[in-house]
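Student: Structure incoming, see below.
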Amino acid sequence: MLAVPGELPSDRERYGLEVKWDGIRALMHLDDALKVTGRHGADYTRKYPEISGFAIKNAVIDGEVVALDPHGKPSFVRLQHRMHLTDPEPLIVDRYPVTYVPFDLLYLDRMSLCDLPYQDRRALLDELDIGAPPYFPGDSDLLSATHEQGLEGVVAKRLDSPYRPGVRSPSWVKVKNLSTTEVVIGGWKPGKGRRAAGIGSLIMGVFTSRGLTYVGHVGTGFTDEVLNLLYAILRPLEIPRSPFHNPVPWRNRWVRPDLVGEVAYTMWTDEQRLRHPVWRGLRPDKLPSEVRR
């Protein structure tokens, strides 16, 4: 079940508020053997070996895989070091460990709980005592608290809402302190100076009724390590012509629009361009076809 972006609801007493975790959504299947899967069914079990099963069986839990910084805050930058590794080396696991944050309970004792109200599912999840962070009353100051602590925001969930797999429901509303959006990578502009041999900036697009539409380029927010990784990933995807339906300035290197990234930005311009975008990372858990304005 997915949330819609928006503001805090006016009838906040009908909602519970959760911290919005800056990570990768994942389901934990607890049976005789543990299995962790992504939004589209990809098997994450070997990707995140430090996620161990809890002392329960016959349950399916919804939650988020996060990487915490030294101050205990979710760091999407740190998570990038793990997202593309199928079978990470122990040294990488030790250097960039991840944590699983449970926040919903979908099955228990082989029975579906999806039709139960959110507050009832959360009560059952809390009874399992597996470290699920609490949710707060809808009229609490959680959004302000997350802003003060530099966290991404909150998710407001109707207390009476059932769980609808695969549905982006207005019963769940994500309220962010920072404007972010997913973009499709359609190419890259060669760098200058110390970046001359590689990527200077990425060419971004979103899908509209006319096809992949250019919305700007992003050249900040990268480390040298990230740029080298992106170069290795994008080179095999190169194509001779632009994948965008609208004109793109400069001479660029084009790639198949197979990869999704996330950027922070200040606003959309009148020309439908992202203003002051800053790269946050690849989103292998998102499909390009999902990326729309």
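Residues are named by chain letter and number: chains run A, B, ... in the order of the structure tokens, numbers start at 1 in each chain, and ligands are numbered from 1 in the order shown.
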I want to know what sits within 8 Å of range 62-65 of chain A, based on only C-alpha atoms, with residues of the same chain fewer than 2 positions away left out; could you give that as a PyMOL selection string?
Tutor: chain A and resi 21+23-28+60+67+98-106
Student: Would you kindly return, as a PyMOL selection string, each protein, DNA or RNA residue with an atom no farther than 9 Å from any atom of Leu34 in chain A, considering only C-alpha atoms and excluding same-chain residues fewer than 2 positions away?
Tutor: chain A and resi 28-32+36+45+52-54
Student: Excluding Ser140 in chain A and any residue of its chain fewer than 6 positions from it, enumerate the residues within 10 Å of it, using only C-alpha atoms, and give them as a list in words.
Tutor: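 In the requested format, the answer is Arg12, Glu13, Gly16 and Leu17 of chain A.
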Student: Which of these residues is nearest to Phe244 in chain A, using only C-alpha atoms: A:Lys35, A:Arg256, A:Lys57, A:Arg122?
Tutor: A:Arg256
Student: As a PyMOL selection string, please: the residues near Phe222 in chain A (cut-off 10 Å, only C-alpha atoms, same-chain neighbours under 4 positions excluded).
Tutor: chain A and resi 77+200-201+218+226-228+230+278-281
Student: Using DSSP secondary structure from the backbone, list all strand (DSSP E or B) positions within range 74-284 of chain A, as a count of residues only.
Tutor: 82
Student: What gap, in Å, lies between CA of Ala42 in chain A and CA of Thr208 in chain A?
Tutor: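 Those two atoms sit 26.7 Å apart.
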Student: Give me, as CSV, each residue of range 77-190 of chain A that comes within 8 Å of range 283-286 of chain A, together with its shortest interatomic pair and the distance in Å at one decimal, counting only C-alpha atoms, with rows ordered by chain and rising residue number.
Tutor:
residue,atom,partner,partner_atom,distance
A:Met83,CA,A:Pro284,CA,7.5
A:His84,CA,A:Pro284,CA,7.9
A:Glu182,CA,A:Arg283,CA,7.9
Student: Going by DSSP on the backbone, which bits of range 6-80 of chain A are helix (DSSP H, G or I)? Write them as a JSON list (two decimals) with all heavy atoms, in the first residue's frame, please.
Tutor:
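Written out: result-v2.json:
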[["chain", "number", "residue", "atom", "x", "y", "z"],
["A", 12, "ARG", "N", -7.43, 15.73, 11.64],
["A", 12, "ARG", "CA", -6.25, 15.00, 12.08],
["A", 12, "ARG", "C", -6.54, 14.01, 13.19],
["A", 12, "ARG", "O", -5.78, 13.06, 13.40],
["A", 12, "ARG", "CB", -5.18, 15.99, 12.52],
["A", 12, "ARG", "CG", -4.63, 16.83, 11.37],
["A", 12, "ARG", "CD", -3.70, 17.92, 11.81],
["A", 12, "ARG", "NE", -2.57, 17.43, 12.55],
["A", 12, "ARG", "CZ", -1.60, 18.21, 13.04],
["A", 12, "ARG", "NH1", -1.64, 19.51, 12.82],
["A", 12, "ARG", "NH2", -0.60, 17.70, 13.73],
["A", 13, "GLU", "N", -7.65, 14.20, 13.91],
["A", 13, "GLU", "CA", -7.97, 13.27, 14.98],
["A", 13, "GLU", "C", -8.32, 11.88, 14.45],
["A", 13, "GLU", "O", -8.32, 10.90, 15.21],
["A", 13, "GLU", "CB", -9.14, 13.80, 15.81],
["A", 13, "GLU", "CG", -10.49, 13.82, 15.11],
["A", 13, "GLU", "CD", -10.69, 15.02, 14.19],
["A", 13, "GLU", "OE1", -9.75, 15.85, 14.11],
["A", 13, "GLU", "OE2", -11.77, 15.12, 13.59],
["A", 14, "ARG", "N", -8.58, 11.76, 13.15],
["A", 14, "ARG", "CA", -8.89, 10.47, 12.53],
["A", 14, "ARG", "C", -7.64, 9.72, 12.08],
["A", 14, "ARG", "O", -7.75, 8.64, 11.50],
["A", 14, "ARG", "CB", -9.82, 10.67, 11.34],
["A", 14, "ARG", "CG", -11.18, 11.26, 11.68],
["A", 14, "ARG", "CD", -11.97, 11.52, 10.40],
["A", 14, "ARG", "NE", -13.27, 12.09, 10.67],
["A", 14, "ARG", "CZ", -14.39, 11.38, 10.85],
["A", 14, "ARG", "NH1", -14.35, 10.06, 10.77],
["A", 14, "ARG", "NH2", -15.54, 11.98, 11.11],
["A", 76, "PHE", "N", 20.10, 8.26, 3.42],
["A", 76, "PHE", "CA", 19.92, 7.66, 2.10],
["A", 76, "PHE", "C", 21.26, 7.57, 1.37],
["A", 76, "PHE", "O", 21.47, 6.68, 0.55],
["A", 76, "PHE", "CB", 18.93, 8.48, 1.28],
["A", 76, "PHE", "CG", 18.35, 7.74, 0.11],
["A", 76, "PHE", "CD1", 17.45, 6.70, 0.31],
["A", 76, "PHE", "CD2", 18.70, 8.05, -1.19],
["A", 76, "PHE", "CE1", 16.93, 5.99, -0.76],
["A", 76, "PHE", "CE2", 18.19, 7.36, -2.26],
["A", 76, "PHE", "CZ", 17.30, 6.32, -2.04],
["A", 77, "VAL", "N", 22.17, 8.47, 1.67],
["A", 77, "VAL", "CA", 23.51, 8.43, 1.07],
["A", 77, "VAL", "C", 24.23, 7.15, 1.48],
["A", 77, "VAL", "O", 24.84, 6.45, 0.65],
["A", 77, "VAL", "CB", 24.32, 9.66, 1.46],
["A", 77, "VAL", "CG1", 25.77, 9.53, 0.99],
["A", 77, "VAL", "CG2", 23.70, 10.93, 0.88],
["A", 78, "ARG", "N", 24.17, 6.80, 2.75],
["A", 78, "ARG", "CA", 24.81, 5.57, 3.22],
["A", 78, "ARG", "C", 24.14, 4.34, 2.62],
["A", 78, "ARG", "O", 24.81, 3.37, 2.27],
["A", 78, "ARG", "CB", 24.77, 5.50, 4.75],
["A", 78, "ARG", "CG", 25.67, 6.50, 5.45],
["A", 78, "ARG", "CD", 25.55, 6.39, 6.97],
["A", 78, "ARG", "NE", 26.03, 5.12, 7.45],
["A", 78, "ARG", "CZ", 27.30, 4.85, 7.74],
["A", 78, "ARG", "NH1", 28.23, 5.77, 7.57],
["A", 78, "ARG", "NH2", 27.65, 3.66, 8.21],
["A", 79, "LEU", "N", 22.82, 4.39, 2.47],
["A", 79, "LEU", "CA", 22.10, 3.25, 1.91],
["A", 79, "LEU", "C", 22.49, 3.00, 0.46],
["A", 79, "LEU", "O", 22.45, 1.86, -0.02],
["A", 79, "LEU", "CB", 20.59, 3.50, 2.01],
["A", 79, "LEU", "CG", 19.67, 2.34, 1.63],
["A", 79, "LEU", "CD1", 19.96, 1.11, 2.48],
["A", 79, "LEU", "CD2", 18.21, 2.75, 1.77],
["A", 80, "GLN", "N", 22.91, 4.05, -0.26],
["A", 80, "GLN", "CA", 23.33, 3.89, -1.65],
["A", 80, "GLN", "C", 24.48, 2.90, -1.80],
["A", 80, "GLN", "O", 24.63, 2.26, -2.83],
["A", 80, "GLN", "CB", 23.74, 5.24, -2.24],
["A", 80, "GLN", "CG", 22.60, 6.21, -2.45],
["A", 80, "GLN", "CD", 21.73, 5.79, -3.61],
["A", 80, "GLN", "OE1", 22.21, 5.58, -4.72],
["A", 80, "GLN", "NE2", 20.44, 5.66, -3.37]]
Student: Using only C-alpha atoms, can you tell me which of A:Arg292, A:Arg110, A:Lys73, A:Arg46 comes closest to Val184 in chain A?
Tutor: A:Arg292
Student: In Å, how far is it from CA of Asp69 in chain A to CA of Tyr44 in chain A?
Tutor: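 Interatomic distance, CA of Asp69 in chain A to CA of Tyr44 in chain A: 21.4 Å.
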Student: Separation of CA of Leu85 in chain A and CA of Gly166 in chain A, in Å?
Tutor: 25.7 Å
Student: Let me make sure I understand: among A:Pro243, A:Glu89, A:Glu238, A:Asp115, which one has the smallest atom-to-atom distance to Val206 in chain A if we use only C-alpha atoms?
Tutor: A:Pro243
Student: Which residue, A:Leu151, A:Val175, A:Leu91, A:Ala145, has the smallest gap to Glu7 in chain A when you use only C-alpha atoms?
Tutor: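 Distance minimum relative to Glu7 in chain A lands on A:Val175.
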Student: Need to verify the contact set: Pro170 in chain A, 12 Å, only C-alpha atoms, exclusion of same-chain residues closer than 6 positions in sequence. Can you return it as a list of chain:residue names?
Tutor: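 Surrounding residues, per the criterion: A:Met1, A:Leu2, A:Ala3, A:Val4, A:Pro5, A:Gly6, A:Glu7, A:Leu8, A:Pro9, A:Tyr15, A:Val155, A:Ala156, A:Lys157, A:Arg158, A:Ser161, A:Pro162, A:Tyr163, A:Arg164.
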Student: Please produce a file of those selected residues containing all heavy atoms, as a short mmCIF file (atom, residue, chain, number, x, y, z; two decimals), in the first residue's frame.
Tutor:
data_model
loop_
_atom_site.label_atom_id
_atom_site.label_comp_id
_atom_site.auth_asym_id
_atom_site.auth_seq_id
_atom_site.Cartn_x
_atom_site.Cartn_y
_atom_site.Cartn_z
N MET A 1 0.86 -1.18 0.00
CA MET A 1 0.00 0.00 0.00
C MET A 1 0.89 1.23 0.00
O MET A 1 1.87 1.30 0.73
CB MET A 1 -0.91 0.00 1.23
CG MET A 1 -1.89 1.15 1.27
SD MET A 1 -3.16 0.82 2.52
CE MET A 1 -4.00 2.38 2.57
N LEU A 2 0.55 2.19 -0.84
CA LEU A 2 1.37 3.38 -1.01
C LEU A 2 0.63 4.62 -0.56
O LEU A 2 -0.61 4.66 -0.56
CB LEU A 2 1.79 3.52 -2.47
CG LEU A 2 2.48 2.30 -3.08
CD1 LEU A 2 2.71 2.51 -4.56
CD2 LEU A 2 3.78 2.02 -2.36
N ALA A 3 1.38 5.66 -0.20
CA ALA A 3 0.81 6.92 0.27
C ALA A 3 0.80 7.94 -0.86
O ALA A 3 1.60 7.88 -1.80
CB ALA A 3 1.62 7.45 1.44
N VAL A 4 -0.12 8.89 -0.76
CA VAL A 4 -0.15 10.02 -1.70
C VAL A 4 0.58 11.19 -1.05
O VAL A 4 0.55 11.34 0.18
CB VAL A 4 -1.60 10.42 -2.06
CG1 VAL A 4 -2.34 9.26 -2.72
CG2 VAL A 4 -2.36 10.91 -0.84
N PRO A 5 1.26 12.03 -1.83
CA PRO A 5 1.88 13.23 -1.25
C PRO A 5 0.83 14.27 -0.92
O PRO A 5 -0.21 14.36 -1.60
CB PRO A 5 2.82 13.69 -2.36
CG PRO A 5 2.21 13.18 -3.62
CD PRO A 5 1.53 11.89 -3.27
N GLY A 6 1.05 15.05 0.10
CA GLY A 6 0.10 16.09 0.45
C GLY A 6 0.45 16.79 1.74
O GLY A 6 1.58 16.75 2.21
N GLU A 7 -0.57 17.44 2.32
CA GLU A 7 -0.42 18.16 3.58
C GLU A 7 -1.13 17.36 4.69
O GLU A 7 -1.87 16.42 4.42
CB GLU A 7 -1.05 19.56 3.47
CG GLU A 7 -0.49 20.39 2.33
CD GLU A 7 0.97 20.70 2.50
OE1 GLU A 7 1.42 20.83 3.67
OE2 GLU A 7 1.68 20.81 1.48
N LEU A 8 -0.88 17.77 5.92
CA LEU A 8 -1.56 17.11 7.03
C LEU A 8 -3.07 17.29 6.89
O LEU A 8 -3.54 18.39 6.59
CB LEU A 8 -1.09 17.71 8.36
CG LEU A 8 0.32 17.32 8.82
CD1 LEU A 8 0.69 18.08 10.08
CD2 LEU A 8 0.42 15.81 9.06
N PRO A 9 -3.85 16.22 7.08
CA PRO A 9 -5.31 16.33 6.91
C PRO A 9 -5.93 17.30 7.92
O PRO A 9 -5.40 17.51 9.02
CB PRO A 9 -5.79 14.89 7.16
CG PRO A 9 -4.58 14.04 6.97
CD PRO A 9 -3.42 14.86 7.40
N TYR A 15 -6.47 10.31 12.30
CA TYR A 15 -5.23 9.77 11.75
C TYR A 15 -4.23 9.46 12.86
O TYR A 15 -4.27 10.03 13.95
CB TYR A 15 -4.59 10.77 10.79
CG TYR A 15 -5.33 10.91 9.48
CD1 TYR A 15 -6.49 11.66 9.39
CD2 TYR A 15 -4.86 10.27 8.33
CE1 TYR A 15 -7.17 11.79 8.19
CE2 TYR A 15 -5.53 10.40 7.12
CZ TYR A 15 -6.69 11.15 7.06
OH TYR A 15 -7.36 11.27 5.88
N VAL A 155 4.17 10.27 7.80
CA VAL A 155 3.08 9.66 7.04
C VAL A 155 1.86 9.65 7.95
O VAL A 155 1.91 9.12 9.06
CB VAL A 155 3.42 8.23 6.58
CG1 VAL A 155 2.26 7.66 5.76
CG2 VAL A 155 4.69 8.22 5.75
N ALA A 156 0.78 10.28 7.47
CA ALA A 156 -0.49 10.30 8.21
C ALA A 156 -1.36 9.17 7.69
O ALA A 156 -1.63 9.09 6.49
CB ALA A 156 -1.18 11.65 8.02
N LYS A 157 -1.79 8.27 8.59
CA LYS A 157 -2.57 7.10 8.19
C LYS A 157 -3.90 7.11 8.93
O LYS A 157 -3.93 7.22 10.16
CB LYS A 157 -1.80 5.81 8.50
CG LYS A 157 -0.48 5.72 7.74
CD LYS A 157 0.27 4.42 8.04
CE LYS A 157 1.54 4.30 7.22
NZ LYS A 157 2.29 3.05 7.49
N ARG A 158 -4.98 7.00 8.16
CA ARG A 158 -6.30 6.94 8.79
C ARG A 158 -6.38 5.74 9.73
O ARG A 158 -6.01 4.61 9.35
CB ARG A 158 -7.40 6.85 7.74
CG ARG A 158 -7.82 8.19 7.16
CD ARG A 158 -9.07 8.04 6.30
NE ARG A 158 -10.22 7.65 7.10
CZ ARG A 158 -11.19 8.48 7.46
NH1 ARG A 158 -11.14 9.75 7.10
NH2 ARG A 158 -12.21 8.04 8.17
N SER A 161 -8.29 2.77 8.30
CA SER A 161 -8.00 2.36 6.92
C SER A 161 -7.55 0.90 6.85
O SER A 161 -6.69 0.46 7.62
CB SER A 161 -6.91 3.25 6.31
OG SER A 161 -5.69 3.13 7.03
N PRO A 162 -8.13 0.11 5.93
CA PRO A 162 -7.62 -1.23 5.66
C PRO A 162 -6.32 -1.12 4.86
O PRO A 162 -5.95 -0.04 4.41
CB PRO A 162 -8.73 -1.88 4.83
CG PRO A 162 -9.37 -0.73 4.13
CD PRO A 162 -9.29 0.43 5.08
N TYR A 163 -5.65 -2.24 4.71
CA TYR A 163 -4.41 -2.29 3.92
C TYR A 163 -4.76 -2.77 2.52
O TYR A 163 -5.30 -3.87 2.36
CB TYR A 163 -3.40 -3.22 4.57
CG TYR A 163 -2.01 -3.15 3.97
CD1 TYR A 163 -1.02 -2.39 4.57
CD2 TYR A 163 -1.70 -3.83 2.80
CE1 TYR A 163 0.26 -2.32 4.03
CE2 TYR A 163 -0.43 -3.77 2.25
CZ TYR A 163 0.54 -3.01 2.87
OH TYR A 163 1.80 -2.94 2.33
N ARG A 164 -4.48 -1.97 1.50
CA ARG A 164 -4.80 -2.30 0.13
C ARG A 164 -3.51 -2.45 -0.68
O ARG A 164 -2.94 -1.46 -1.13
CB ARG A 164 -5.70 -1.23 -0.48
CG ARG A 164 -7.08 -1.18 0.17
CD ARG A 164 -7.86 -2.44 -0.17
NE ARG A 164 -9.17 -2.51 0.46
CZ ARG A 164 -9.48 -3.33 1.46
NH1 ARG A 164 -8.54 -4.15 1.96
NH2 ARG A 164 -10.69 -3.36 1.96
#
